[in-house]
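Text of upload04.cif (mmCIF, C-alpha atoms) as supplied:
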data_target
loop_
_atom_site.label_atom_id
_atom_site.label_comp_id
_atom_site.auth_asym_id
_atom_site.auth_seq_id
_atom_site.Cartn_x
_atom_site.Cartn_y
_atom_site.Cartn_z
CA MET A 1 -93.31 -139.41 -60.25
CA MET A 2 -91.41 -142.43 -61.66
CA GLU A 3 -92.89 -145.36 -63.58
CA SER A 4 -91.36 -148.82 -63.69
CA LYS A 5 -92.79 -152.33 -64.06
CA GLY A 6 -96.30 -150.86 -64.07
CA TYR A 7 -95.86 -149.14 -60.68
CA ARG A 8 -96.59 -145.47 -60.37
CA LEU A 9 -94.28 -144.27 -57.67
CA HIS A 10 -95.03 -141.10 -55.77
CA TRP A 11 -92.34 -139.22 -53.87
CA LEU A 12 -93.83 -138.05 -50.63
CA LEU A 13 -92.70 -136.18 -47.53
CA LEU A 14 -93.96 -136.32 -43.95
CA LEU A 15 -95.65 -133.59 -41.81
CA VAL A 16 -98.26 -133.51 -39.02
CA THR A 17 -98.99 -131.47 -35.94
CA PRO A 18 -100.79 -133.45 -33.21
CA ALA A 19 -103.01 -131.65 -30.72
CA THR A 20 -100.03 -131.90 -28.34
CA GLY A 21 -98.28 -129.13 -30.27
CA THR A 22 -95.43 -131.43 -31.29
CA GLU A 23 -94.73 -131.52 -35.02
CA LEU A 24 -94.02 -134.88 -36.63
CA LEU A 25 -93.24 -136.06 -40.12
CA LEU A 26 -96.22 -136.98 -42.39
CA LEU A 27 -96.60 -137.70 -46.10
CA THR A 28 -96.84 -135.06 -48.85
CA LYS A 29 -95.51 -134.71 -52.42
CA CYS A 30 -91.75 -134.60 -52.99
CA ARG A 31 -89.61 -133.33 -55.87
CA PRO A 32 -88.83 -135.69 -58.77
CA GLY A 33 -85.26 -136.63 -59.69
CA MET A 34 -84.19 -137.10 -56.10
CA VAL A 35 -80.86 -138.94 -55.71
CA ILE A 36 -81.54 -141.78 -53.28
CA ASP A 37 -78.24 -143.69 -53.44
CA GLY A 38 -77.08 -144.32 -49.87
CA TRP A 39 -80.44 -143.49 -48.32
CA LEU A 40 -82.04 -145.91 -45.87
CA MET A 41 -85.09 -147.83 -46.99
CA SER A 42 -87.68 -149.75 -45.02
CA GLU A 43 -91.07 -151.27 -45.62
CA LYS A 44 -94.00 -148.87 -45.30
CA LEU A 45 -96.34 -150.70 -42.98
CA ASP A 46 -100.11 -150.54 -43.37
CA GLY A 47 -100.74 -149.79 -39.72
CA VAL A 48 -102.13 -146.98 -37.61
CA ARG A 49 -99.77 -144.09 -36.90
CA ALA A 50 -98.88 -143.70 -33.22
CA TYR A 51 -96.76 -141.20 -31.31
CA TRP A 52 -95.43 -141.91 -27.81
CA ASP A 53 -94.70 -138.61 -26.06
CA GLY A 54 -92.90 -140.28 -23.16
CA SER A 55 -96.07 -140.75 -21.13
CA ARG A 56 -99.03 -141.07 -23.52
CA LEU A 57 -99.70 -143.01 -26.74
CA LEU A 58 -101.37 -140.64 -29.19
CA SER A 59 -102.85 -140.80 -32.67
CA ARG A 60 -101.35 -138.59 -35.35
CA GLN A 61 -104.13 -136.11 -34.57
CA GLY A 62 -102.99 -136.00 -30.94
CA ASN A 63 -105.86 -138.06 -29.52
CA PRO A 64 -104.95 -140.58 -26.80
CA PHE A 65 -105.49 -144.26 -27.59
CA ALA A 66 -107.48 -146.31 -25.04
CA VAL A 67 -104.50 -148.58 -24.55
CA PRO A 68 -104.06 -151.28 -21.89
CA ASP A 69 -101.60 -150.38 -19.13
CA TRP A 70 -99.34 -153.36 -19.93
CA PHE A 71 -98.79 -152.01 -23.47
CA ILE A 72 -97.30 -148.70 -22.32
CA GLN A 73 -95.97 -149.28 -18.81
CA GLU A 74 -92.42 -150.16 -19.91
CA LEU A 75 -92.17 -147.83 -22.91
CA PRO A 76 -89.16 -145.49 -22.73
CA PRO A 77 -89.28 -142.03 -21.16
CA PHE A 78 -88.43 -140.53 -24.58
CA GLU A 79 -90.51 -139.96 -27.72
CA LEU A 80 -91.25 -142.63 -30.35
CA ASP A 81 -92.98 -142.41 -33.71
CA GLY A 82 -94.23 -145.49 -35.51
CA GLU A 83 -97.08 -147.75 -36.52
CA LEU A 84 -99.48 -149.86 -34.49
CA TRP A 85 -99.49 -152.98 -36.62
CA ILE A 86 -100.66 -156.59 -36.69
CA ALA A 87 -99.49 -157.88 -40.09
CA ARG A 88 -99.65 -157.11 -43.80
CA GLY A 89 -103.22 -156.83 -44.99
CA GLN A 90 -104.57 -156.38 -41.45
CA PHE A 91 -105.11 -152.62 -41.44
CA GLU A 92 -108.87 -152.80 -40.87
CA GLN A 93 -108.46 -155.22 -37.96
CA THR A 94 -105.71 -153.04 -36.45
CA LEU A 95 -107.83 -149.91 -36.82
CA ALA A 96 -110.87 -151.63 -35.29
CA ILE A 97 -108.89 -152.64 -32.18
CA VAL A 98 -107.04 -149.37 -31.54
CA SER A 99 -110.07 -147.17 -32.28
CA ARG A 100 -112.17 -148.58 -29.47
CA ASN A 101 -112.78 -146.28 -26.52
CA TYR A 102 -111.73 -148.94 -24.02
CA PRO A 103 -108.51 -150.99 -23.67
CA ASP A 104 -109.64 -154.05 -25.62
CA PRO A 105 -107.94 -157.38 -24.78
CA ALA A 106 -107.31 -157.69 -28.54
CA TRP A 107 -104.38 -155.25 -28.08
CA ARG A 108 -102.43 -158.50 -27.46
CA HIS A 109 -102.33 -158.80 -31.26
CA ILE A 110 -100.93 -155.27 -31.76
CA THR A 111 -97.24 -154.44 -32.09
CA CYS A 112 -95.60 -151.03 -32.12
CA ARG A 113 -93.17 -150.80 -35.03
CA VAL A 114 -90.97 -147.72 -34.60
CA PHE A 115 -89.45 -145.73 -37.46
CA GLU A 116 -88.30 -142.60 -35.59
CA VAL A 117 -87.11 -141.35 -32.23
CA PRO A 118 -88.16 -137.68 -32.45
CA HIS A 119 -85.84 -134.98 -31.17
CA ALA A 120 -82.96 -137.41 -30.49
CA SER A 121 -79.60 -136.27 -31.85
CA GLY A 122 -77.66 -137.74 -34.76
CA GLY A 123 -78.68 -139.37 -38.02
CA LEU A 124 -81.59 -141.78 -38.33
CA LEU A 125 -79.64 -144.92 -37.38
CA THR A 126 -78.18 -143.16 -34.32
CA ARG A 127 -81.66 -142.08 -33.25
CA LEU A 128 -83.07 -145.58 -33.76
CA HIS A 129 -80.11 -147.05 -31.86
CA LYS A 130 -81.30 -145.11 -28.80
CA LEU A 131 -84.45 -147.27 -28.79
CA GLU A 132 -82.54 -150.47 -29.61
CA ALA A 133 -80.26 -149.85 -26.60
CA TYR A 134 -83.30 -149.23 -24.39
CA LEU A 135 -84.95 -152.46 -25.61
CA LYS A 136 -81.81 -154.46 -24.78
CA GLU A 137 -82.18 -153.32 -21.16
CA HIS A 138 -86.00 -153.43 -21.16
CA PRO A 139 -87.11 -156.12 -23.66
CA LEU A 140 -90.65 -155.60 -24.94
CA GLU A 141 -92.14 -158.28 -27.19
CA HIS A 142 -94.60 -155.85 -28.74
CA VAL A 143 -92.10 -153.06 -29.59
CA SER A 144 -89.45 -153.14 -32.31
CA VAL A 145 -87.54 -150.91 -34.70
CA ILE A 146 -88.51 -151.23 -38.36
CA PRO A 147 -85.43 -152.65 -40.12
CA GLN A 148 -83.53 -150.23 -42.34
CA SER A 149 -81.26 -151.14 -45.26
CA VAL A 150 -79.04 -148.97 -47.45
CA CYS A 151 -80.41 -148.27 -50.93
CA ARG A 152 -77.66 -148.69 -53.53
CA ASP A 153 -79.54 -147.16 -56.46
CA THR A 154 -82.91 -147.02 -58.23
CA ALA A 155 -82.56 -150.63 -59.47
CA HIS A 156 -82.03 -151.79 -55.88
CA LEU A 157 -85.04 -149.73 -54.80
CA MET A 158 -87.23 -151.37 -57.46
CA GLU A 159 -85.97 -154.84 -56.51
CA LYS A 160 -86.89 -154.19 -52.87
CA LEU A 161 -90.27 -152.71 -53.84
CA ASP A 162 -91.06 -155.75 -56.00
CA ALA A 163 -90.26 -158.08 -53.07
CA VAL A 164 -92.36 -156.10 -50.59
CA VAL A 165 -95.35 -155.84 -52.93
CA ALA A 166 -95.12 -159.55 -53.86
CA ALA A 167 -95.28 -160.36 -50.13
CA GLY A 168 -98.43 -158.26 -49.75
CA GLY A 169 -96.77 -155.07 -48.52
CA GLU A 170 -97.78 -151.49 -49.25
CA GLY A 171 -94.51 -149.90 -50.37
CA LEU A 172 -91.24 -148.44 -49.13
CA VAL A 173 -90.06 -145.45 -47.15
CA LEU A 174 -86.70 -143.82 -47.90
CA ARG A 175 -84.85 -141.63 -45.42
CA GLU A 176 -81.60 -139.72 -45.83
CA SER A 177 -79.46 -141.53 -43.28
CA GLY A 178 -77.31 -138.65 -42.04
CA SER A 179 -79.93 -135.96 -41.67
CA PRO A 180 -80.81 -134.78 -38.17
CA TYR A 181 -84.39 -135.05 -36.93
CA GLU A 182 -86.59 -132.38 -38.46
CA THR A 183 -90.12 -131.22 -37.85
CA GLY A 184 -92.34 -129.77 -40.52
CA ARG A 185 -91.63 -130.25 -44.18
CA SER A 186 -88.48 -132.27 -44.82
CA ARG A 187 -86.84 -133.15 -48.10
CA GLN A 188 -85.07 -136.02 -46.32
CA ALA A 189 -87.97 -138.52 -46.34
CA ALA A 190 -89.79 -140.14 -49.26
CA GLN A 191 -92.35 -142.87 -49.81
CA PHE A 192 -92.70 -145.24 -52.76
CA SER A 193 -95.98 -147.06 -53.08
CA LEU A 194 -98.40 -148.35 -55.65
CA ALA A 195 -100.60 -145.68 -57.22
#
Structure re-expressed in structure tokens:
Amino acid sequence: MMESKGYRLHWLLLLVTPATGTELLLLTKCRPGMVIDGWLMSEKLDGVRAYWDGSRLLSRQGNPFAVPDWFIQELPPFELDGELWIARGQFEQTLAIVSRNYPDPAWRHITCRVFEVPHASGGLLTRLHKLEAYLKEHPLEHVSVIPQSVCRDTAHLMEKLDAVVAAGGEGLVLRESGSPYETGRSRQAAQFSLA
């Protein structure tokens, strides 16, 4: 754990196994003293975790969302991992909409913000580029890749965290840019957030 400017920062890793049998990344504690220079960083969104298996949109527990057909009909034939999200500070509203057992018209407010293309080859940016290329050919207003930027050092990380928190955000996610996709426990993903 690091402390700076009154923030208690927790290093976390990702791991989950949905009912589908596919392992994904989910948050757990990480080792201190990690060198993060050159890693990719992005905002950690306060949304609802969603996994697209190529044909179904599932919760992190593997339960299918009652999603309108229009939301999924043009999604790619490959896996996506991300957040169902409306905006900062709108977690409860997002959860209320996506938790209903019918495809509520309020899904029009929901976007799918993608942070991983599971089982694709290459480093994180290469994997995310697979979705970006698909979206160029099949534009979807409600689907986008979460922007990634290169972390120069801890000072840069803290500057970015300050900006995200000041704007009402939850924190940051760091990913080792060159690591291949992994399932289970990975030392290549970390989260910084307020304690």
Expansion of the PyMOL selection byres ((chain A and resi 59) around 10) into residues, as a list in words: Pro18, Ala19, Val48, Arg49, Ala50, Tyr51, Trp52, Arg56, Leu57, Leu58, Arg60, Gln61, Gly62, Asn63, Pro64, Phe65, Glu83, Leu84, Val98 and Ser99 of chain A
Near-Glu170 of chain A list (10 Å; only C-alpha atoms; drop same-chain fewer than 4 positions) as a ChimeraX atom specification: /A:43-46,88-89,161,164-166,192-194
Residue nearest Phe78 of chain A - candidates A:Val117, A:Val35, A:Leu135, A:Ala163, atoms counted: all atoms listed in the file: A:Val117
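Distances here use only C-alpha atoms; by that measure, the residue among A:Leu80, A:Leu25, A:Ala133, A:Val67 closest to Ala190 of chain A is A:Leu25.
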Expansion of the PyMOL selection byres ((chain A and resi 125) around 10) into residues, as a list in words: Leu40, Phe115, Glu116, Val117, Gly122, Gly123, Leu124, Thr126, Arg127, Leu128, His129, Lys130, Glu132, Gln148, Ser177, Gly178 and Ser179 of chain A
Option closest in space to Ser55 of chain A, from A:Pro76, A:Pro68, A:Pro139, A:Gly171 [counting all atoms listed in the file]: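 Ranking A:Pro76, A:Pro68, A:Pro139, A:Gly171 by distance to Ser55 of chain A, first place goes to A:Pro76.
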Target residues per the PyMOL selection byres ((chain A and resi 97) around 12), formatted as a VMD selection string: chain A and resid 47 to 48 65 to 68 84 to 86 90 to 96 98 to 111
Point-to-point distance from atom CA of Val150 of chain A to atom CA of Leu172 of chain A, Å rounded to tenths: 12.3 Å
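With atom CA of Pro180 of chain A on one side and atom CA of Gly54 of chain A on the other, the separation reads 20.0 Å.
Distances here use only C-alpha atoms; by that measure, the residue among A:Glu23, A:Met41, A:Ala167, A:Pro118 closest to Ala189 of chain A is A:Met41.
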From A:Pro77, A:Gly168, A:Gly33, A:Gly38, residue lying nearest Arg152 of chain A [only C-alpha atoms]: A:Gly38
Counting all atoms listed in the file, the residue of A:Leu75, A:Leu140, A:Ile146, A:Ala155 that sits nearest Val173 of chain A: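 Going through A:Leu75, A:Leu140, A:Ile146, A:Ala155 one by one, the smallest distance to Val173 of chain A is for A:Ile146.
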Atom-to-atom span, atom CA of Glu79 of chain A and atom CA of Leu174 of chain A, Å: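 Pair atom CA of Glu79 of chain A / atom CA of Leu174 of chain A returns 20.9 Å.
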